[in-house]
$ cat input25.cif   # mmCIF, C-alpha atoms
data_entry
#
loop_
_atom_site.label_atom_id
_atom_site.label_comp_id
_atom_site.auth_asym_id
_atom_site.auth_seq_id
_atom_site.Cartn_x
_atom_site.Cartn_y
_atom_site.Cartn_z
CA MET U 264 -1.57 19.99 2.31
CA ALA U 265 -2.63 23.06 0.32
CA VAL U 266 0.51 22.65 -1.80
CA ALA U 267 -0.47 19.05 -2.50
CA TYR U 268 -3.91 20.03 -3.73
CA ALA U 269 -2.45 22.80 -5.90
CA ILE U 270 -0.15 20.31 -7.63
CA ILE U 271 -3.02 17.85 -8.00
CA LEU U 272 -5.04 20.49 -9.81
CA MET U 273 -2.13 21.26 -12.14
CA LEU U 274 -1.65 17.58 -12.91
CA PHE U 275 -5.25 17.07 -13.89
CA ALA U 276 -5.39 20.33 -15.77
CA SER U 277 -2.49 19.08 -17.89
CA ALA U 278 -4.27 15.80 -18.67
CA SER U 279 -6.63 15.24 -21.56
CA SER U 280 -10.07 16.80 -21.75
CA LYS U 281 -11.58 13.39 -21.17
CA SER U 282 -9.66 12.99 -17.91
CA ALA U 283 -10.75 16.39 -16.74
CA SER U 284 -14.37 15.37 -17.24
CA GLY U 285 -13.88 12.11 -15.35
CA CYS U 286 -11.91 9.35 -17.04
CA TYR U 287 -12.24 6.78 -14.28
CA GLU U 288 -15.70 5.95 -13.03
CA SER U 289 -14.62 3.83 -10.06
CA ILE U 290 -11.68 2.60 -8.00
CA VAL U 291 -10.91 -1.01 -7.08
CA SER U 292 -8.27 -1.59 -4.43
CA PHE U 293 -6.24 -4.57 -3.22
CA GLY U 294 -3.59 -4.44 -0.50
CA ASP U 295 -2.79 -4.25 3.19
CA SER U 296 -2.88 -1.64 5.96
CA LEU U 297 -1.72 1.10 3.60
CA ALA U 298 -5.07 0.86 1.79
CA ASP U 299 -7.56 -0.85 4.15
CA THR U 300 -10.51 1.50 4.70
CA GLY U 301 -12.25 -0.76 7.21
CA ASN U 302 -12.20 -4.40 6.12
CA LEU U 303 -10.30 -5.85 9.08
CA LEU U 304 -12.48 -3.90 11.49
CA LEU U 305 -15.57 -5.44 9.88
CA LEU U 306 -14.09 -8.94 9.66
CA ARG U 307 -13.07 -9.11 13.32
CA PRO U 308 -15.59 -9.93 16.08
CA ALA U 309 -16.57 -7.14 18.46
CA ASP U 310 -14.45 -8.59 21.27
CA ASN U 311 -11.30 -8.76 19.11
CA GLN U 312 -11.11 -5.50 17.22
CA PRO U 313 -7.83 -4.29 15.64
CA ARG U 314 -5.86 -1.38 17.09
CA ALA U 315 -7.15 0.79 14.23
CA ALA U 316 -10.60 0.52 15.81
CA ARG U 317 -9.48 2.64 18.77
CA PRO U 318 -8.28 6.22 19.25
CA PRO U 319 -6.06 7.98 18.29
CA TYR U 320 -6.80 6.42 14.89
CA GLY U 321 -9.07 8.62 12.77
CA ARG U 322 -8.88 11.66 15.01
CA THR U 323 -7.84 14.32 12.45
CA PHE U 324 -10.38 13.90 9.64
CA PHE U 325 -13.15 11.46 10.49
CA HIS U 326 -12.94 12.31 14.21
CA ARG U 327 -13.46 8.63 15.00
CA PRO U 328 -11.65 5.36 14.23
CA THR U 329 -12.71 3.94 10.85
CA GLY U 330 -10.37 0.95 10.65
CA ARG U 331 -7.76 2.93 8.71
CA CYS U 332 -4.18 2.70 9.96
CA SER U 333 -3.89 6.46 10.09
CA ASP U 334 -4.93 9.39 12.24
CA GLY U 335 -6.76 10.63 9.15
CA ARG U 336 -6.97 9.55 5.52
CA LEU U 337 -4.94 7.12 3.42
CA VAL U 338 -3.42 7.55 -0.04
CA ILE U 339 -6.45 5.85 -1.59
CA ASP U 340 -8.73 8.47 -0.02
CA PHE U 341 -6.79 11.32 -1.61
CA ILE U 342 -6.77 9.56 -4.99
CA ALA U 343 -10.54 9.10 -4.84
CA ARG U 344 -11.18 12.73 -3.99
CA SER U 345 -8.76 13.90 -6.68
CA LEU U 346 -10.70 11.90 -9.28
CA GLY U 347 -14.00 13.30 -8.05
CA LEU U 348 -15.08 9.94 -6.65
CA PRO U 349 -16.45 9.05 -3.20
CA LEU U 350 -14.20 7.40 -0.62
CA VAL U 351 -13.82 3.71 -1.46
CA GLU U 352 -15.99 1.47 0.69
CA PRO U 353 -14.64 -1.74 2.29
CA TYR U 354 -15.91 -4.92 0.65
CA ALA U 355 -16.54 -6.65 4.00
CA GLY U 356 -19.33 -4.18 4.75
CA GLY U 357 -21.39 -5.33 1.78
CA GLU U 358 -23.75 -3.19 -0.22
CA ASN U 359 -26.23 -2.26 2.47
CA ASP U 360 -27.30 0.68 4.61
CA GLY U 361 -26.95 3.00 1.65
CA VAL U 362 -23.43 1.74 0.74
CA SER U 363 -22.85 1.18 -2.98
CA PHE U 364 -19.88 -0.31 -4.82
CA SER U 365 -20.81 1.32 -8.13
CA LYS U 366 -18.06 3.93 -7.66
CA GLY U 367 -15.49 1.65 -6.06
CA VAL U 368 -14.79 -1.26 -3.79
CA ASN U 369 -11.84 -1.95 -1.49
CA TYR U 370 -10.52 -5.44 -0.74
CA ALA U 371 -7.37 -4.39 1.15
CA VAL U 372 -6.99 -5.85 4.65
CA ILE U 373 -4.62 -4.82 7.42
CA GLY U 374 -1.88 -7.42 7.79
CA ALA U 375 -2.57 -9.09 4.43
CA THR U 376 0.24 -10.83 2.57
CA ALA U 377 0.67 -11.66 -1.10
CA LEU U 378 1.25 -15.36 -0.39
CA ASP U 379 -1.30 -17.24 1.69
CA ASN U 380 -0.94 -18.14 5.36
CA GLY U 381 -0.50 -21.83 4.57
CA TYR U 382 2.74 -21.05 2.77
CA TYR U 383 4.15 -19.24 5.78
CA GLU U 384 2.93 -21.75 8.34
CA LYS U 385 4.94 -24.43 6.53
CA ILE U 386 8.14 -22.44 7.04
CA GLY U 387 7.33 -21.52 10.65
CA ILE U 388 6.15 -17.93 10.11
CA HIS U 389 2.86 -16.87 11.70
CA ASN U 390 0.40 -14.12 10.84
CA LYS U 391 -1.74 -13.30 13.87
CA ASP U 392 -3.48 -10.35 12.23
CA THR U 393 -5.50 -12.00 9.48
CA ASN U 394 -5.78 -15.06 7.25
CA VAL U 395 -6.55 -12.85 4.25
CA SER U 396 -4.01 -12.87 1.41
CA LEU U 397 -3.93 -11.34 -2.05
CA GLY U 398 -5.45 -14.57 -3.34
CA THR U 399 -8.38 -14.18 -0.93
CA GLN U 400 -8.91 -10.63 -2.16
CA LEU U 401 -8.82 -11.76 -5.78
CA ASP U 402 -11.44 -14.42 -5.02
CA TRP U 403 -13.68 -11.77 -3.44
CA PHE U 404 -13.21 -9.61 -6.51
CA LYS U 405 -14.16 -12.44 -8.88
CA GLN U 406 -17.32 -13.05 -6.86
CA PHE U 407 -18.12 -9.35 -7.06
CA VAL U 408 -17.58 -9.22 -10.84
CA ALA U 409 -19.68 -12.36 -11.37
CA ALA U 410 -22.54 -10.74 -9.48
CA ILE U 411 -22.60 -7.58 -11.62
CA PRO U 412 -25.92 -7.55 -13.53
CA VAL U 413 -25.58 -8.32 -17.24
CA LYS U 414 -27.26 -5.04 -18.18
CA THR U 415 -24.60 -3.17 -16.23
CA ASP U 416 -21.80 -4.75 -18.31
CA GLY U 417 -19.16 -5.89 -15.83
CA ARG U 418 -16.32 -5.71 -18.36
CA LYS U 419 -17.07 -2.06 -19.06
CA PHE U 420 -17.04 -1.40 -15.30
CA LEU U 421 -13.53 -2.85 -15.12
CA GLN U 422 -12.32 -0.98 -18.21
CA ASN U 423 -13.38 2.32 -16.64
CA SER U 424 -11.93 1.54 -13.20
CA LEU U 425 -8.58 2.54 -11.76
CA VAL U 426 -7.31 -0.60 -10.01
CA LEU U 427 -4.77 -0.28 -7.20
CA VAL U 428 -2.77 -3.47 -6.74
CA GLY U 429 -1.18 -2.78 -3.38
CA GLU U 430 0.93 -1.86 -1.74
CA ILE U 431 1.10 -5.60 -1.18
CA GLY U 432 4.07 -7.80 -0.32
CA GLY U 433 5.46 -5.73 2.53
CA ASN U 434 3.95 -8.01 5.17
CA ASP U 435 5.40 -11.05 3.42
CA TYR U 436 8.72 -9.73 4.69
CA ASN U 437 7.60 -7.96 7.85
CA TYR U 438 6.42 -11.12 9.58
CA PRO U 439 9.62 -13.10 8.94
CA ILE U 440 11.81 -10.12 9.87
CA MET U 441 9.94 -9.43 13.09
CA GLN U 442 10.00 -13.15 13.93
CA GLU U 443 13.77 -13.12 13.40
CA ALA U 444 13.96 -15.46 10.42
CA ASN U 445 17.39 -15.68 8.86
CA ALA U 446 18.29 -13.21 6.12
CA GLU U 447 18.81 -15.89 3.47
CA MET U 448 15.29 -17.22 3.90
CA ILE U 449 13.74 -13.74 3.80
CA HIS U 450 15.72 -12.87 0.67
CA SER U 451 14.56 -16.08 -1.03
CA LEU U 452 10.91 -15.05 -0.60
CA VAL U 453 11.16 -12.07 -2.95
CA PRO U 454 10.95 -13.83 -6.36
CA THR U 455 7.99 -15.90 -5.17
CA VAL U 456 6.16 -12.86 -3.78
CA VAL U 457 6.76 -10.81 -6.94
CA ASP U 458 5.73 -13.70 -9.20
CA TYR U 459 2.45 -14.00 -7.29
CA ILE U 460 1.77 -10.28 -7.60
CA GLY U 461 2.48 -10.60 -11.32
CA SER U 462 0.14 -13.56 -11.77
CA THR U 463 -2.59 -11.63 -9.96
CA ILE U 464 -2.13 -8.69 -12.33
CA GLU U 465 -2.43 -11.05 -15.30
CA GLU U 466 -5.63 -12.49 -13.84
CA LEU U 467 -7.03 -8.98 -13.55
CA ILE U 468 -6.13 -8.28 -17.18
CA LYS U 469 -8.00 -11.43 -18.25
CA LEU U 470 -11.05 -10.17 -16.37
CA GLY U 471 -10.95 -6.91 -18.32
CA VAL U 472 -8.96 -4.46 -16.18
CA GLU U 473 -7.09 -1.93 -18.30
CA THR U 474 -5.46 0.46 -15.83
CA MET U 475 -3.50 -0.64 -12.76
CA LEU U 476 -1.36 1.27 -10.31
CA VAL U 477 1.17 -1.01 -8.59
CA PRO U 478 3.18 0.45 -5.68
CA GLY U 479 6.58 -0.79 -4.62
CA ASN U 480 7.82 -1.23 -1.08
CA PHE U 481 8.87 1.54 1.32
CA PRO U 482 12.43 2.01 2.63
CA ILE U 483 11.79 -0.32 5.54
CA GLY U 484 15.22 0.36 6.97
CA CYS U 485 13.82 3.71 8.11
CA LEU U 486 10.91 2.21 10.05
CA PRO U 487 11.17 2.88 13.80
CA ILE U 488 10.11 -0.65 14.69
CA TYR U 489 13.14 -2.07 12.85
CA LEU U 490 15.49 0.65 14.07
CA THR U 491 14.52 -0.45 17.56
CA GLN U 492 14.56 -4.20 16.87
CA PHE U 493 18.08 -4.12 15.47
CA GLU U 494 19.55 -1.35 17.60
CA THR U 495 21.58 -3.57 19.90
CA SER U 496 22.80 -5.86 17.09
CA SER U 497 23.84 -3.08 14.68
CA THR U 498 27.05 -1.11 14.41
CA ALA U 499 27.60 2.41 13.11
CA GLU U 500 28.53 0.99 9.70
CA ASP U 501 25.05 -0.55 9.36
CA TYR U 502 23.38 2.88 9.17
CA ASP U 503 23.16 5.39 6.34
CA PRO U 504 24.96 8.47 7.72
CA LYS U 505 22.63 10.78 5.75
CA THR U 506 19.38 9.40 7.15
CA GLY U 507 20.09 7.07 10.08
CA CYS U 508 18.25 4.26 8.27
CA LEU U 509 19.47 0.66 8.24
CA ASN U 510 21.30 0.07 4.96
CA TRP U 511 20.66 -3.66 4.65
CA LEU U 512 16.91 -3.35 5.05
CA ASN U 513 16.69 -0.54 2.51
CA LYS U 514 18.79 -2.58 0.12
CA PHE U 515 16.29 -5.40 0.61
CA SER U 516 13.39 -3.06 -0.27
CA ARG U 517 15.21 -1.97 -3.42
CA TYR U 518 15.68 -5.62 -4.39
CA HIS U 519 11.93 -6.25 -4.12
CA ASN U 520 11.19 -3.10 -6.12
CA LYS U 521 13.71 -4.02 -8.81
CA LEU U 522 12.10 -7.43 -9.35
CA LEU U 523 8.63 -5.89 -9.26
CA ARG U 524 9.50 -3.33 -11.96
CA LYS U 525 11.02 -6.10 -14.07
CA GLU U 526 7.81 -8.12 -13.73
CA LEU U 527 5.66 -5.13 -14.65
CA ASN U 528 7.79 -4.53 -17.74
CA ARG U 529 7.35 -8.15 -18.76
CA ILE U 530 3.58 -7.97 -18.37
CA GLN U 531 3.43 -4.62 -20.17
CA GLU U 532 5.18 -6.08 -23.22
CA LEU U 533 2.65 -8.91 -23.32
CA HIS U 534 -0.32 -6.55 -22.93
CA PRO U 535 0.50 -3.21 -24.59
CA HIS U 536 -3.14 -2.08 -24.42
CA VAL U 537 -3.02 -2.12 -20.61
CA ALA U 538 -1.70 0.86 -18.62
CA LEU U 539 0.55 -0.36 -15.80
CA ILE U 540 1.79 2.37 -13.48
CA TYR U 541 4.60 1.69 -11.03
CA ALA U 542 4.16 3.87 -7.91
CA ASP U 543 7.60 4.61 -6.48
CA TYR U 544 6.87 4.59 -2.75
CA TYR U 545 10.54 4.05 -1.93
CA ASN U 546 11.98 7.21 -3.48
CA ALA U 547 8.93 9.27 -2.55
CA ALA U 548 9.49 8.46 1.13
CA MET U 549 13.28 8.79 0.92
CA ARG U 550 12.92 12.44 -0.05
CA PHE U 551 11.54 13.08 3.42
CA TYR U 552 14.43 11.33 5.13
CA LEU U 553 17.09 12.96 2.96
CA SER U 554 15.68 16.51 3.03
CA PRO U 555 13.30 16.77 6.01
CA ASN U 556 13.61 20.56 6.24
CA GLU U 557 12.11 20.94 2.77
CA PHE U 558 8.91 19.36 4.05
CA GLY U 559 8.65 21.07 7.40
CA PHE U 560 10.33 18.40 9.52
CA SER U 561 13.17 18.93 11.96
CA THR U 562 16.52 17.19 11.59
CA GLU U 563 16.81 17.20 15.36
CA GLY U 564 14.43 14.94 17.17
CA VAL U 565 13.52 11.56 18.47
CA LEU U 566 11.87 8.96 16.30
CA GLU U 567 9.12 7.43 18.40
CA LEU U 568 6.79 4.50 17.97
CA ALA U 569 4.20 3.46 20.53
CA VAL U 570 3.33 -0.24 20.42
CA GLU U 571 1.19 -2.56 22.46
CA GLN U 572 2.92 -5.57 23.99
CA GLU U 573 1.23 -7.93 26.45
CA GLY U 574 -1.34 -5.31 27.38
CA ARG U 575 1.24 -2.55 27.93
CA THR U 576 2.01 0.44 25.76
CA ILE U 577 5.72 0.83 25.11
CA THR U 578 7.37 3.83 23.49
CA MET U 579 10.39 2.98 21.34
CA ARG U 580 12.93 5.74 20.74
CA ARG U 581 15.96 6.34 18.59
CA ARG U 582 17.85 9.48 17.64
CA HIS U 583 16.91 10.07 14.04
CA VAL U 584 15.32 12.48 11.62
CA ALA U 585 12.04 13.57 13.18
CA PHE U 586 9.20 11.10 12.61
CA LEU U 587 7.49 11.59 9.27
CA ARG U 588 3.95 12.11 10.45
CA GLN U 589 2.36 12.67 7.03
CA PRO U 590 4.29 10.84 4.30
CA VAL U 591 1.05 10.62 2.33
CA VAL U 592 1.50 14.02 0.66
CA MET U 593 4.64 13.25 -1.32
CA ILE U 594 3.53 9.72 -2.10
CA LEU U 595 0.25 11.10 -3.37
CA LEU U 596 2.00 13.49 -5.71
CA HIS U 597 4.13 10.72 -7.18
CA LEU U 598 1.05 8.57 -7.75
CA LEU U 599 -0.84 11.39 -9.41
CA VAL U 600 2.05 12.19 -11.73
CA GLY U 601 1.77 8.62 -12.98
CA MET U 602 -2.01 8.82 -13.22
CA ALA U 603 -1.96 12.09 -15.12
CA TYR U 604 0.39 10.48 -17.62
CA THR U 605 -1.91 7.47 -17.90
CA LEU U 606 -4.97 9.66 -18.34
CA GLN U 607 -3.31 11.14 -21.41
CA ARG U 608 -2.52 7.67 -22.76
CA ARG U 609 -5.99 6.16 -22.39
CA PRO U 610 -7.74 5.95 -25.77
CA THR U 611 -11.09 7.64 -26.19
CA ASP U 612 -14.13 5.51 -26.97
#

$ encode --input "input25.cif" --output "structure tokens"
Amino acid sequence: MAVAYAIILMLFASASSKSASGCYESIVSFGDSLADTGNLLLLRPADNQPRAARPPYGRTFFHRPTGRCSDGRLVIDFIARSLGLPLVEPYAGGENDGVSFSKGVNYAVIGATALDNGYYEKIGIHNKDTNVSLGTQLDWFKQFVAAIPVKTDGRKFLQNSLVLVGEIGGNDYNYPIMQEANAEMIHSLVPTVVDYIGSTIEELIKLGVETMLVPGNFPIGCLPIYLTQFETSSTAEDYDPKTGCLNWLNKFSRYHNKLLRKELNRIQELHPHVALIYADYYNAAMRFYLSPNEFGFSTEGVLELAVEQEGRTITMRRRHVAFLRQPVVMILLHLLVGMAYTLQRRPTD
């Protein structure tokens, strides 16, 4: 972690003098469990709290569950601290009890999809975690912007904000995959999901947002839940011999990311004044799987995932590169490289 902070300091030292003094005044976040800082916990009733409301979540930094799907902080927390901003508060908590959204607001919700639940219900796919989609989050954001006092100048707030659009879209595929939908149907979802993410970005541009960071999908073929789900139906040829990951699922992630980058390029050409940053989650994570020793992980080990099923805790195991307990560090560095570049690009007022 010390190495991560050292590189962060170098990145911001290399940026413009304006960035060093604080280019972004706030952070706005959309997404799913990779960015939720407490929304699902606040949205759920007390008798139906998410798993992230119970230990061991939050044990290493906050020393209590905060609704984050992590034993500590998320990427968004590190970004906020690196920009000298407070941790981004969940929108569902409202501005009360001393909480202010003047330095940032987070709309991300665990389990959220890009497309709405109605779309998936029609094709027989069910989301039991939440009915919140990217569209819901955008509606919340519009309500928030409309409520900004005129004297505060809402458009200026957006121009000076770093907006994180995701990661979003991963659950649009996770639910069908876990519910054993056929591969053709899952593959057909990608253009629709990417188009919706793109239309959301264009809506944000219309509202006045000028800087957006848009992450791609992870190499889901390396996820222990899928390695377990497809273990009995896979042959040796289905796995990458270098990593042990499932080739077809990683190929699927690359397909999503390819279409997403193409969409971002299209939008960038239409709006050259806007800074769109693609955050390469896929290749950031793959560096761990390809060279675990470089990051302090063992190549000998058991990949484990504990899950709850019908009130029981089950441990899934598969021989694999040791579980990547803190992928946040490398991802963070990739994001900050992009941000440092953007900080240099932003025009001065």

$ residues_around --input "input25.cif" --residues "U:Leu401" --least-positions-apart "3" --cutoff "12 Å" --atoms "only C-alpha atoms" --output "number ranges by chain"
U: 291-294, 354, 369-371, 377-379, 395-398, 404-408, 428, 459-460, 462-467, 470

$ resolve_selection --input "input25.cif" --expression "the PyMOL selection byres ((chain U and resi 472-488) around 6)" --output "list in words"
Leu421, Gln422, Leu425, Val426, Leu427, Val428, Gly429, Glu430, Leu467, Ile468, Gly471, Tyr489, Leu490, Thr491, Cys508, Leu509, Leu512, Asn513, Ser516, Asn520, Val537, Ala538, Leu539, Ile540, Tyr541, Ala542, Asp543, Tyr544 and Tyr545 of chain U

$ closest_residue --input "input25.cif" --among "U:Glu494, U:Lys469, U:Pro353, U:Thr393" --to "U:His534" --atoms "only C-alpha atoms"
U:Lys469

$ atom_distance --input "input25.cif" --atom1 "atom CA of U:Asn390" --atom2 "atom CA of U:Ala316"
19.0 Å

$ atom_distance --input "input25.cif" --atom1 "atom CA of U:His389" --atom2 "atom CA of U:Leu452"
14.8 Å

$ resolve_selection --input "input25.cif" --expression "the PyMOL selection byres ((chain U and resi 305-311) around 9)" --output "list in words"
Gly301, Asn302, Leu303, Leu304, Gln312, Pro313, Gly330, Pro353, Ala355, Gly356 and Thr393 of chain U

$ write_last_selection --input "input25.cif" --atoms "C-alpha atoms" --output "CSV table (one decimal), in the coordinates of the input"
chain,number,residue,atom,x,y,z
U,301,GLY,CA,-12.2,-0.8,7.2
U,302,ASN,CA,-12.2,-4.4,6.1
U,303,LEU,CA,-10.3,-5.8,9.1
U,304,LEU,CA,-12.5,-3.9,11.5
U,312,GLN,CA,-11.1,-5.5,17.2
U,313,PRO,CA,-7.8,-4.3,15.6
U,330,GLY,CA,-10.4,1.0,10.6
U,353,PRO,CA,-14.6,-1.7,2.3
U,355,ALA,CA,-16.5,-6.6,4.0
U,356,GLY,CA,-19.3,-4.2,4.8
U,393,THR,CA,-5.5,-12.0,9.5

$ closest_residue --input "input25.cif" --among "U:Arg336, U:Gly321, U:Thr300, U:Lys391" --to "U:Glu352" --atoms "only C-alpha atoms"
U:Thr300

$ atom_distance --input "input25.cif" --atom1 "atom CA of U:Trp403" --atom2 "atom CA of U:Phe364"
13.1 Å

$ residues_around --input "input25.cif" --residues "U:Val453" --least-positions-apart "6" --cutoff "9 Å" --atoms "only C-alpha atoms" --output "list in words"
Gly432, Asp435, Tyr436, Tyr518, His519 and Leu522 of chain U

$ residues_around --input "input25.cif" --residues "U:Asp295" --least-positions-apart "2" --cutoff "7 Å" --atoms "all atoms listed in the file" --output "compact mmCIF listing (two decimals) with C-alpha atoms, in the coordinates of the input"
# COMPACT_ATOMS: atom_id res chain seq x y z
CA LEU U 297 -1.72 1.10 3.60
CA ALA U 298 -5.07 0.86 1.79
CA ASP U 299 -7.56 -0.85 4.15
CA ALA U 371 -7.37 -4.39 1.15
CA VAL U 372 -6.99 -5.85 4.65
CA ILE U 373 -4.62 -4.82 7.42
CA GLY U 374 -1.88 -7.42 7.79
CA ALA U 375 -2.57 -9.09 4.43
CA GLY U 429 -1.18 -2.78 -3.38
CA GLU U 430 0.93 -1.86 -1.74
CA ILE U 431 1.10 -5.60 -1.18

$ axis_aligned_box --input "input25.cif" --around "stretch 328-334 of chain U" --padding-each-side "5 Å" --output "JSON"
{"center_x": -8.3, "center_y": 5.2, "center_z": 11.5, "size_x": 18.8, "size_y": 18.4, "size_z": 15.5}

$ closest_residue --input "input25.cif" --among "U:Pro555, U:Pro504, U:Pro319, U:Gly387" --to "U:Ala444" --atoms "all atoms listed in the file"
U:Gly387

$ closest_residue --input "input25.cif" --among "U:Gln492, U:Glu500, U:Asp458, U:Glu557" --to "U:Glu526" --atoms "all atoms listed in the file"
U:Asp458

$ residues_near_point --input "input25.cif" --point "(-13.3, 3.2, -3.1)" --cutoff "7 Å" --atoms "all atoms listed in the file" --output "number ranges by chain"
U: 290-291, 343, 349-352, 366-369

$ decode --input "input25.cif" --residues "stretch 475-493 of chain U" --atoms "N, CA and C atoms" --output "PDB file, in the first residue's frame"
ATOM      1  N   MET U 475     -15.465  12.520 -16.946  1.00  0.00           N
ATOM      2  CA  MET U 475     -16.039  11.236 -16.528  1.00  0.00           C
ATOM      3  C   MET U 475     -15.008  10.120 -16.643  1.00  0.00           C
ATOM      4  N   LEU U 476     -14.979   9.288 -15.639  1.00  0.00           N
ATOM      5  CA  LEU U 476     -14.143   8.102 -15.624  1.00  0.00           C
ATOM      6  C   LEU U 476     -15.071   6.901 -15.770  1.00  0.00           C
ATOM      7  N   VAL U 477     -14.859   6.100 -16.808  1.00  0.00           N
ATOM      8  CA  VAL U 477     -15.775   5.003 -17.129  1.00  0.00           C
ATOM      9  C   VAL U 477     -15.001   3.681 -17.123  1.00  0.00           C
ATOM     10  N   PRO U 478     -15.152   2.861 -16.096  1.00  0.00           N
ATOM     11  CA  PRO U 478     -14.441   1.585 -16.039  1.00  0.00           C
ATOM     12  C   PRO U 478     -15.063   0.522 -16.935  1.00  0.00           C
ATOM     13  N   GLY U 479     -14.203  -0.382 -17.409  1.00  0.00           N
ATOM     14  CA  GLY U 479     -14.682  -1.553 -18.119  1.00  0.00           C
ATOM     15  C   GLY U 479     -14.933  -2.693 -17.155  1.00  0.00           C
ATOM     16  N   ASN U 480     -15.187  -3.866 -17.697  1.00  0.00           N
ATOM     17  CA  ASN U 480     -15.488  -5.034 -16.877  1.00  0.00           C
ATOM     18  C   ASN U 480     -14.209  -5.788 -16.509  1.00  0.00           C
ATOM     19  N   PHE U 481     -14.264  -6.515 -15.405  1.00  0.00           N
ATOM     20  CA  PHE U 481     -13.155  -7.344 -14.947  1.00  0.00           C
ATOM     21  C   PHE U 481     -13.037  -8.618 -15.789  1.00  0.00           C
ATOM     22  N   PRO U 482     -11.934  -9.340 -15.678  1.00  0.00           N
ATOM     23  CA  PRO U 482     -11.837 -10.674 -16.283  1.00  0.00           C
ATOM     24  C   PRO U 482     -12.670 -11.653 -15.470  1.00  0.00           C
ATOM     25  N   ILE U 483     -13.948 -11.759 -15.797  1.00  0.00           N
ATOM     26  CA  ILE U 483     -14.859 -12.535 -14.955  1.00  0.00           C
ATOM     27  C   ILE U 483     -14.570 -14.031 -15.012  1.00  0.00           C
ATOM     28  N   GLY U 484     -13.798 -14.458 -15.993  1.00  0.00           N
ATOM     29  CA  GLY U 484     -13.417 -15.852 -16.047  1.00  0.00           C
ATOM     30  C   GLY U 484     -12.472 -16.259 -14.938  1.00  0.00           C
ATOM     31  N   CYS U 485     -11.972 -15.284 -14.184  1.00  0.00           N
ATOM     32  CA  CYS U 485     -11.079 -15.555 -13.058  1.00  0.00           C
ATOM     33  C   CYS U 485     -11.820 -15.537 -11.724  1.00  0.00           C
ATOM     34  N   LEU U 486     -13.109 -15.226 -11.750  1.00  0.00           N
ATOM     35  CA  LEU U 486     -13.868 -15.136 -10.503  1.00  0.00           C
ATOM     36  C   LEU U 486     -14.113 -16.528  -9.922  1.00  0.00           C
ATOM     37  N   PRO U 487     -13.867 -16.720  -8.642  1.00  0.00           N
ATOM     38  CA  PRO U 487     -14.040 -18.042  -8.040  1.00  0.00           C
ATOM     39  C   PRO U 487     -15.457 -18.585  -8.130  1.00  0.00           C
ATOM     40  N   ILE U 488     -16.440 -17.708  -8.113  1.00  0.00           N
ATOM     41  CA  ILE U 488     -17.818 -18.200  -8.189  1.00  0.00           C
ATOM     42  C   ILE U 488     -18.093 -18.873  -9.531  1.00  0.00           C
ATOM     43  N   TYR U 489     -17.494 -18.336 -10.614  1.00  0.00           N
ATOM     44  CA  TYR U 489     -17.683 -18.950 -11.925  1.00  0.00           C
ATOM     45  C   TYR U 489     -16.774 -20.156 -12.123  1.00  0.00           C
ATOM     46  N   LEU U 490     -15.582 -20.106 -11.559  1.00  0.00           N
ATOM     47  CA  LEU U 490     -14.693 -21.268 -11.630  1.00  0.00           C
ATOM     48  C   LEU U 490     -15.348 -22.479 -10.964  1.00  0.00           C
ATOM     49  N   THR U 491     -16.116 -22.196  -9.916  1.00  0.00           N
ATOM     50  CA  THR U 491     -16.829 -23.268  -9.217  1.00  0.00           C
ATOM     51  C   THR U 491     -18.081 -23.694  -9.995  1.00  0.00           C
ATOM     52  N   GLN U 492     -18.844 -22.702 -10.471  1.00  0.00           N
ATOM     53  CA  GLN U 492     -20.086 -22.999 -11.181  1.00  0.00           C
ATOM     54  C   GLN U 492     -19.850 -23.876 -12.416  1.00  0.00           C
ATOM     55  N   PHE U 493     -18.746 -23.613 -13.116  1.00  0.00           N
ATOM     56  CA  PHE U 493     -18.509 -24.319 -14.376  1.00  0.00           C
ATOM     57  C   PHE U 493     -17.437 -25.396 -14.269  1.00  0.00           C
TER      58      PHE U 493
END
